[in-house]
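Just below is one structure, and these are the notes that go with it.
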Amino acid sequence: MADKVLMKGNEAIAEAAIRAGCRHYFGYPITPQTEIAAYMAKRMPKIGGVFLQAESEIAAINMVYGVAAAGLRVMTSSSSPGISLKSEGLSYLAGADLPSLVVNVQRGGPGLGGIQPSQSDYFQATKGGGHGDFRMIVLAPSSVQEMAELTVKGFALADTYRMTAMILADGTMGQMMEPVALDDLPVTPMPEKPWAVTGTGMKRPHNVVNSLFLSPEKLEETNFERYDRYRVIEEKETMYEEYRMEDAEICIAAFGIAARVSKNAIDEARAMGIKVGMIRPITLWPFPKAPFRRAAEQVKEVISVELSMGQMIEDVRLATECRVPVTLCNRVGGMIPSPEQVLDAILKAAKNGGKEA
Amino acid sequence: MAKLTFKTDKCKGCGLCVDACPKKVLRLSPDKINQKGHHPVEAANEEACIGCAFCATMCPDCIIEVER
Amino acid sequence: MIVFQKPHALADLPMHYCPGCTHGIIHRLVAEVMDELGIEGKTVGIAPVGCSVMAYDYFNCDMIEAAHGRAPAVATGVKRANPENVVFTYQGDGDLASIGMAETVHAAARNENITVIFVNNAIYGMTGGQMAPTSLPGQVTQTSPYGRDVKHCGYPIRVCELLSELEGPEYLERVTVNNVKNVKNAKKAIKKAFQNQIDGKGFSLVEVVSSCPTNWGMTPKQALEWIDEKMLPYYPLGVYKDRSASQEAEK
């Protein structure tokens with residue numbers, strides 16, 4: 001068994017990124033993710049890498065764009081308001097089909113919001129990362145171990161599909177300390193990148209990294225091609241965990257920290273004889289529609305537990321095709337639902353027999 | 001005498017070369033119109049050309065080649 | 001003997017610039033410098049947003065198209081990824097001195113080892129002639145139809161002077177291309193700005209005072225004269241910083 005070390009979630013992301021071969025990190029300080037920058041600042045110079053504190057989030061994401069164009073693994077991290085600033089760059093990365101890893105350790109919003117955990121950037125990450133038609137692969141860890149594993153996975157997916165992979169964590173996940181095994185992370189070698197701009201060497205026509213297509217026919221073609229790729233991702237890369245779903249009559253939908261809280265509530269409810277389980281999306285995009293569609297035939301209610309005013313719930317409703325009631329159990333603004341609150345929601349669902357209150 | 005070659009189809013008829021020529025060799029063609037719809041540059045009296053390449057130096061579209 | 005021909009690093013394509021626009025001259029100078037230094041094969045250029053947005057088609061070296069104003073940040077990434085590459089940005093006044101001012105100032109402050117070609121024609125050309133951060137006091141544009149009123153929208157920014165106050169940058173020079181002599185001087189400055197990068201000296205910016213006959217509402221010839229009459233009094237030509245030369249002089 002691999003040795004485990006005690007680490008903060010943010011540090012686990014940083015160390016995993018280094019192990020994944022990332023040698024370039026650009027960022028701008030913002031709570032609650034600054035440990036990632038601090039870790040990179042310490043480690044990168046020792047291993048021949050580059051840590052650079054950018055003048056802004058916008059500059060940081062554009063430095064990422066430069067390194068990605070040059071064909072190397074690169075990342076940036078931020079928290080909610082900073083991700084809004086990065087939206088421009090995320091759209092350009094998508095338009096130029098560049099691979100990158102972006103971490104959002106979410107905090108409460110809107111506006112400057114607060115510095116406590118939140119999941120209210122779900123829409124932004126899964127549906128509105130910037131202008132134009134594009135997607136990011138959105139990975140939602142719910143343990144420090146997963147912070148590390150999904151970081152490594154994120155780099156691989158980004159390279160394979162030439163797009164941005166986003167780790168959508170939250171302040172709790174970032175600050176939480178847990179034992180983590182780093183030795184067996186599934187690191188993949190970087191694929192060849194013949195499109196990268198590294199100089200022609202006078203041996204080939206020039207490469208151009210670009211998101212401008214003034215011909216509408218050509219621009220349409222690039223969009224169609226990109227969405228063909230997205231369909232492959234939906235087929236092959238969707239990830240989720242099912243917890244005690246085999247005989248469940250009530251289904252919790254939750255990711256990240258909300259899933260951890262929900263597990264406690266589920267165990268308690270099970271001890272009381274209530275048949276409840278959970279589907280935990282690990283990829284928020286692509287969203288795991290299939291298990292929810294199956295659950296819709298099995299359970300009498302789905303409860304979406306979120307640190308938002310109800311964002312993922314829309315995808316849950318779409319996936320369950322309105323076949324069962326889907327209710328919301330939430331706290332916002334930096335507050336986290338307690339296991340008791342989730343248990344109450346479960347008890348209510350058990351009592352109401354699936355009728356929406 | 002120097003020799004001037006023009007990529008006439010790329011000429012936009014801006015006339016900067018005409019003004020730059022110290023020997024008044026060049027003019028915009030009064031009767032020709034190129035693919036772009038401009039009156040392109042031509043050498044009205046090439047024999048006076050000294051091959052200084054001032055015309056090419058000022059040409060924004062790099063259409064002039066100069067031999068001496 | 002051929003005394004003048006298209007440089008190899010310049011693509012053999014018609015450029016989309018308006019008749020008499022000096023972007024074409026500046027493109028050619030950059031390409032000539034690449035040829036003379038033998039660096040086309042290891043150069044990566046970054047195009048801006050604005051009239052020269054399609055510069056990525058016009059150079060035969062590897063190219064990137066950046067978001068508006070972000071070219072110095074993108075160049076930073078490319079240079080930090082592969083320091084053996086020669087990396088340049090080609091940016092207009094709106095791109096470099098307005099929306100991208102932060103990226104410009106900080107790349108200069110870091111003495112990022114890149115070359116910046118800054119084309120200042122005192123107007124937003126691509127979008128049809130709006131007021132730029134470098135539009136002159138009183139200059140009539142689409143968004144300053146009564147002339148730039150400095151009481152209302154402030155004064156044009158002199159980029160070389162501004163950056164010269166920073167410790168960071170290696171080399172800052174303002175040139176123009178409105179006559180043969182000035183074109184030759186501009187090329188010298190551009191060559192030096194690339195050579196500095198090859199020598200590892202750091203951030204080198206050449207501001208090229210340029211013309212926009214279309215949006216200035218002039219003939220190409222009048223536009224070049226306007227540079228002498230109006231632009232250069234506000235934007236004097238010269239070297240604003242040359243750290244290596246200063247250090248040499250002190251010895």
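Scheme for the structure tokens: letters A, B, ... for chains in order shown; per-chain residue numbers from 1; ligand numbers from 1 in order shown.
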Could you give me, as a Markdown table, a per-residue list for chain C showing, wherever an atom lies at most 10 Å from an atom of chain B, the closest pair of atoms and their distance in Å to one decimal, using only C-alpha atoms and sorting by chain then residue number from low to high?
```
| residue | atom | partner | partner_atom | distance |
| --- | --- | --- | --- | --- |
| C:Met1 | CA | B:Arg68 | CA | 5.3 |
| C:Ile2 | CA | B:Glu67 | CA | 4.2 |
| C:Val3 | CA | B:Glu67 | CA | 5.4 |
| C:Phe4 | CA | B:Val66 | CA | 4.9 |
| C:Gln5 | CA | B:Glu65 | CA | 4.7 |
| C:Lys6 | CA | B:Cys62 | CA | 6.0 |
| C:Pro7 | CA | B:Cys62 | CA | 8.9 |
| C:Leu10 | CA | B:Cys62 | CA | 9.2 |
| C:Asp12 | CA | B:Cys62 | CA | 9.0 |
| C:Leu13 | CA | B:Lys10 | CA | 8.6 |
| C:Pro14 | CA | B:Lys10 | CA | 6.0 |
| C:Met15 | CA | B:Asp61 | CA | 6.9 |
| C:His16 | CA | B:Asp61 | CA | 9.5 |
| C:Tyr17 | CA | B:Asp61 | CA | 8.7 |
| C:Cys18 | CA | B:Lys12 | CA | 7.9 |
| C:Pro19 | CA | B:Cys14 | CA | 5.0 |
| C:Gly20 | CA | B:Cys14 | CA | 4.8 |
| C:Cys21 | CA | B:Pro60 | CA | 6.6 |
| C:Thr22 | CA | B:Pro60 | CA | 5.7 |
| C:His23 | CA | B:Pro60 | CA | 6.9 |
| C:Gly24 | CA | B:Pro60 | CA | 4.1 |
| C:Ile25 | CA | B:Pro60 | CA | 4.5 |
| C:Ile26 | CA | B:Pro60 | CA | 8.0 |
| C:His27 | CA | B:Pro60 | CA | 8.5 |
| C:Arg28 | CA | B:Cys62 | CA | 7.4 |
| C:Leu29 | CA | B:Thr57 | CA | 9.3 |
| C:Val177 | CA | B:Met58 | CA | 8.1 |
| C:Asn178 | CA | B:Met58 | CA | 8.1 |
| C:Asn179 | CA | B:Met58 | CA | 7.0 |
| C:Val180 | CA | B:Phe54 | CA | 6.2 |
| C:Lys181 | CA | B:Phe54 | CA | 9.3 |
| C:Val183 | CA | B:Thr57 | CA | 7.3 |
| C:Lys184 | CA | B:Thr57 | CA | 8.3 |
| C:Pro213 | CA | B:Cys14 | CA | 9.9 |
| C:Thr219 | CA | B:Cys14 | CA | 8.1 |
| C:Pro220 | CA | B:Cys14 | CA | 6.2 |
| C:Lys221 | CA | B:Leu16 | CA | 6.5 |
| C:Leu224 | CA | B:Leu16 | CA | 9.2 |
```
Keeping only C-alpha atoms, write the selected residues as a PDB file, in the first residue's frame.
```pdb
ATOM      1  CA  MET C   1      22.062  41.818 -58.423  1.00  0.00           C
ATOM      2  CA  ILE C   2      18.814  41.950 -56.489  1.00  0.00           C
ATOM      3  CA  VAL C   3      18.880  44.962 -54.186  1.00  0.00           C
ATOM      4  CA  PHE C   4      15.363  44.614 -52.835  1.00  0.00           C
ATOM      5  CA  GLN C   5      12.883  41.769 -52.577  1.00  0.00           C
ATOM      6  CA  LYS C   6      10.270  40.386 -50.240  1.00  0.00           C
ATOM      7  CA  PRO C   7      11.878  38.969 -47.105  1.00  0.00           C
ATOM      8  CA  LEU C  10       6.953  37.672 -44.809  1.00  0.00           C
ATOM      9  CA  ASP C  12       3.568  35.955 -50.039  1.00  0.00           C
ATOM     10  CA  LEU C  13      -0.047  36.942 -49.483  1.00  0.00           C
ATOM     11  CA  PRO C  14      -1.998  40.090 -50.227  1.00  0.00           C
ATOM     12  CA  MET C  15      -2.410  41.965 -46.945  1.00  0.00           C
ATOM     13  CA  HIS C  16      -5.828  43.282 -46.014  1.00  0.00           C
ATOM     14  CA  TYR C  17      -4.595  46.732 -44.973  1.00  0.00           C
ATOM     15  CA  CYS C  18      -6.009  49.859 -46.609  1.00  0.00           C
ATOM     16  CA  PRO C  19      -4.009  51.508 -49.403  1.00  0.00           C
ATOM     17  CA  GLY C  20      -1.087  53.446 -47.943  1.00  0.00           C
ATOM     18  CA  CYS C  21      -1.410  51.974 -44.440  1.00  0.00           C
ATOM     19  CA  THR C  22       2.062  51.718 -42.942  1.00  0.00           C
ATOM     20  CA  HIS C  23       1.337  48.436 -41.139  1.00  0.00           C
ATOM     21  CA  GLY C  24       2.655  46.777 -44.286  1.00  0.00           C
ATOM     22  CA  ILE C  25       5.993  48.569 -44.028  1.00  0.00           C
ATOM     23  CA  ILE C  26       6.336  47.632 -40.357  1.00  0.00           C
ATOM     24  CA  HIS C  27       5.453  44.000 -41.073  1.00  0.00           C
ATOM     25  CA  ARG C  28       8.145  43.932 -43.721  1.00  0.00           C
ATOM     26  CA  LEU C  29      10.738  45.432 -41.364  1.00  0.00           C
ATOM     27  CA  VAL C 177       8.070  55.180 -41.014  1.00  0.00           C
ATOM     28  CA  ASN C 178       6.898  58.288 -42.862  1.00  0.00           C
ATOM     29  CA  ASN C 179       9.919  58.574 -45.156  1.00  0.00           C
ATOM     30  CA  VAL C 180      12.808  56.454 -46.382  1.00  0.00           C
ATOM     31  CA  LYS C 181      15.262  57.697 -43.772  1.00  0.00           C
ATOM     32  CA  VAL C 183      12.021  53.609 -42.258  1.00  0.00           C
ATOM     33  CA  LYS C 184      15.721  52.744 -42.161  1.00  0.00           C
ATOM     34  CA  PRO C 213      -5.115  57.431 -44.032  1.00  0.00           C
ATOM     35  CA  THR C 219      -4.571  60.568 -48.736  1.00  0.00           C
ATOM     36  CA  PRO C 220      -1.659  58.261 -47.912  1.00  0.00           C
ATOM     37  CA  LYS C 221       0.750  61.119 -48.696  1.00  0.00           C
ATOM     38  CA  LEU C 224       2.634  60.776 -43.757  1.00  0.00           C
TER      39      LEU C 224
END
```
Cut-off 7 Å: closest chain C/chain A atom pairs per residue, using only C-alpha atoms, as CSV:
```
residue,atom,partner,partner_atom,distance
C:Gly41,CA,A:Gly201,CA,4.0
C:Lys42,CA,A:Gly199,CA,4.1
C:Thr43,CA,A:Gly199,CA,5.4
C:Val44,CA,A:Gly199,CA,6.1
C:Tyr56,CA,A:Val208,CA,6.7
C:Asn60,CA,A:His206,CA,5.7
C:Cys61,CA,A:His206,CA,5.4
C:Asp62,CA,A:His206,CA,4.7
C:Met63,CA,A:Val208,CA,4.8
C:Ile64,CA,A:Val209,CA,4.6
C:Glu65,CA,A:Asn210,CA,4.9
C:Arg70,CA,A:Asn62,CA,6.5
C:Ala73,CA,A:Met63,CA,5.0
C:Val74,CA,A:Gly66,CA,4.3
C:Ala75,CA,A:Gly66,CA,6.1
C:Thr76,CA,A:Met63,CA,6.0
C:Gly77,CA,A:Met63,CA,4.2
C:Val78,CA,A:Gly66,CA,4.6
C:Ala81,CA,A:Val67,CA,5.5
C:Asn85,CA,A:Gly199,CA,6.8
C:Glu103,CA,A:Ala59,CA,6.5
C:His106,CA,A:Glu55,CA,6.6
```
Just the selected residues (N, CA and C atoms), exported as a PDB file, in the first residue's frame, please.
```pdb
ATOM      1  N   GLY C  41      12.922  30.472 -37.977  1.00  0.00           N
ATOM      2  CA  GLY C  41      12.582  29.112 -37.566  1.00  0.00           C
ATOM      3  C   GLY C  41      12.385  28.932 -36.077  1.00  0.00           C
ATOM      4  N   LYS C  42      12.839  29.899 -35.282  1.00  0.00           N
ATOM      5  CA  LYS C  42      12.633  29.752 -33.830  1.00  0.00           C
ATOM      6  C   LYS C  42      11.832  30.906 -33.234  1.00  0.00           C
ATOM      7  N   THR C  43      11.193  31.659 -34.128  1.00  0.00           N
ATOM      8  CA  THR C  43      10.418  32.799 -33.650  1.00  0.00           C
ATOM      9  C   THR C  43       8.940  32.435 -33.510  1.00  0.00           C
ATOM     10  N   VAL C  44       8.334  32.933 -32.443  1.00  0.00           N
ATOM     11  CA  VAL C  44       6.886  32.841 -32.255  1.00  0.00           C
ATOM     12  C   VAL C  44       6.358  34.258 -32.105  1.00  0.00           C
ATOM     13  N   TYR C  56      -1.107  37.108 -38.044  1.00  0.00           N
ATOM     14  CA  TYR C  56      -0.695  35.694 -37.941  1.00  0.00           C
ATOM     15  C   TYR C  56      -0.619  35.019 -39.307  1.00  0.00           C
ATOM     16  N   ASN C  60       5.748  34.128 -41.687  1.00  0.00           N
ATOM     17  CA  ASN C  60       5.941  32.689 -41.899  1.00  0.00           C
ATOM     18  C   ASN C  60       6.429  31.952 -40.659  1.00  0.00           C
ATOM     19  N   CYS C  61       6.760  32.696 -39.602  1.00  0.00           N
ATOM     20  CA  CYS C  61       7.123  32.038 -38.347  1.00  0.00           C
ATOM     21  C   CYS C  61       5.848  31.542 -37.665  1.00  0.00           C
ATOM     22  N   ASP C  62       5.988  30.721 -36.632  1.00  0.00           N
ATOM     23  CA  ASP C  62       4.825  30.295 -35.846  1.00  0.00           C
ATOM     24  C   ASP C  62       4.141  31.518 -35.244  1.00  0.00           C
ATOM     25  N   MET C  63       2.818  31.469 -35.190  1.00  0.00           N
ATOM     26  CA  MET C  63       2.067  32.649 -34.730  1.00  0.00           C
ATOM     27  C   MET C  63       0.922  32.248 -33.790  1.00  0.00           C
ATOM     28  N   ILE C  64       0.579  33.197 -32.935  1.00  0.00           N
ATOM     29  CA  ILE C  64      -0.574  33.035 -32.035  1.00  0.00           C
ATOM     30  C   ILE C  64      -1.438  34.280 -32.175  1.00  0.00           C
ATOM     31  N   GLU C  65      -2.731  34.096 -32.114  1.00  0.00           N
ATOM     32  CA  GLU C  65      -3.644  35.234 -32.045  1.00  0.00           C
ATOM     33  C   GLU C  65      -4.087  35.366 -30.593  1.00  0.00           C
ATOM     34  N   ARG C  70      -3.884  41.289 -24.548  1.00  0.00           N
ATOM     35  CA  ARG C  70      -3.226  40.286 -23.697  1.00  0.00           C
ATOM     36  C   ARG C  70      -1.935  39.730 -24.277  1.00  0.00           C
ATOM     37  N   ALA C  73       1.056  39.065 -22.017  1.00  0.00           N
ATOM     38  CA  ALA C  73       0.868  37.946 -21.087  1.00  0.00           C
ATOM     39  C   ALA C  73       1.035  36.624 -21.829  1.00  0.00           C
ATOM     40  N   VAL C  74       0.469  36.541 -23.028  1.00  0.00           N
ATOM     41  CA  VAL C  74       0.616  35.325 -23.835  1.00  0.00           C
ATOM     42  C   VAL C  74       2.101  35.117 -24.175  1.00  0.00           C
ATOM     43  N   ALA C  75       2.758  36.199 -24.558  1.00  0.00           N
ATOM     44  CA  ALA C  75       4.191  36.120 -24.884  1.00  0.00           C
ATOM     45  C   ALA C  75       4.997  35.664 -23.680  1.00  0.00           C
ATOM     46  N   THR C  76       4.596  36.123 -22.502  1.00  0.00           N
ATOM     47  CA  THR C  76       5.258  35.699 -21.266  1.00  0.00           C
ATOM     48  C   THR C  76       5.167  34.185 -21.121  1.00  0.00           C
ATOM     49  N   GLY C  77       3.961  33.653 -21.361  1.00  0.00           N
ATOM     50  CA  GLY C  77       3.781  32.207 -21.284  1.00  0.00           C
ATOM     51  C   GLY C  77       4.661  31.472 -22.274  1.00  0.00           C
ATOM     52  N   VAL C  78       4.660  31.933 -23.521  1.00  0.00           N
ATOM     53  CA  VAL C  78       5.436  31.256 -24.568  1.00  0.00           C
ATOM     54  C   VAL C  78       6.935  31.301 -24.235  1.00  0.00           C
ATOM     55  N   ALA C  81       7.791  29.117 -21.383  1.00  0.00           N
ATOM     56  CA  ALA C  81       7.693  27.697 -21.749  1.00  0.00           C
ATOM     57  C   ALA C  81       8.935  27.269 -22.524  1.00  0.00           C
ATOM     58  N   ASN C  85      13.022  30.056 -27.771  1.00  0.00           N
ATOM     59  CA  ASN C  85      12.275  30.735 -28.839  1.00  0.00           C
ATOM     60  C   ASN C  85      12.487  32.247 -28.758  1.00  0.00           C
ATOM     61  N   GLU C 103      -1.055  44.609 -18.833  1.00  0.00           N
ATOM     62  CA  GLU C 103      -0.151  43.568 -19.344  1.00  0.00           C
ATOM     63  C   GLU C 103       1.145  44.191 -19.860  1.00  0.00           C
ATOM     64  N   HIS C 106       3.306  45.551 -16.802  1.00  0.00           N
ATOM     65  CA  HIS C 106       3.882  44.503 -15.965  1.00  0.00           C
ATOM     66  C   HIS C 106       4.898  43.640 -16.704  1.00  0.00           C
TER      67      HIS C 106
END
```
So that I can check the surroundings of range 43-50 of chain B, please list as a CSV table (one decimal) with C-alpha atoms, in the first residue's frame every protein, DNA and RNA residue that reaches within 6 Å of it, counting only C-alpha atoms and ignoring chain neighbours fewer than 3 positions away.
```
chain,number,residue,atom,x,y,z
B,1,MET,CA,20.2,51.0,-65.5
B,2,ALA,CA,18.3,49.2,-62.8
B,25,VAL,CA,10.5,57.1,-62.5
B,26,LEU,CA,7.1,55.9,-61.3
```
Which residues come within 12 Å of Asn352 in chain A, counting only C-alpha atoms, excluding same-chain residues fewer than 6 positions away, as an MDAnalysis selection string? chainID A and resid 250 300:301 325 327 345:346
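For the pair CA of Tyr234 in chain C and CA of Asn121 in chain C, the separation is 12.4 Å.
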Give me the residues near Thr127 in chain C as a short mmCIF file (atom, residue, chain, number, x, y, z; two decimals) with C-alpha atoms, in the first residue's frame, where near means some atom within 9 Å (using only C-alpha atoms) and where sequence neighbours in that chain fewer than 3 positions away do not count.
```cif
data_model
loop_
_atom_site.label_atom_id
_atom_site.label_comp_id
_atom_site.auth_asym_id
_atom_site.auth_seq_id
_atom_site.Cartn_x
_atom_site.Cartn_y
_atom_site.Cartn_z
CA GLY C 50 -7.25 45.44 -34.09
CA CYS C 51 -6.18 46.16 -37.66
CA TYR C 124 -8.87 52.47 -33.55
CA GLN C 130 -12.71 55.66 -32.74
#
```
Near Ala97 in chain C, counting only C-alpha atoms, which residues have an atom at most 9 Å away, once you skip same-chain residues fewer than 5 positions from it, shown as a list in words? Gly69, Gly92, Ala102, Thr104, Ala132, Pro133, Thr134, Ile157, Arg158 and Val159 of chain C
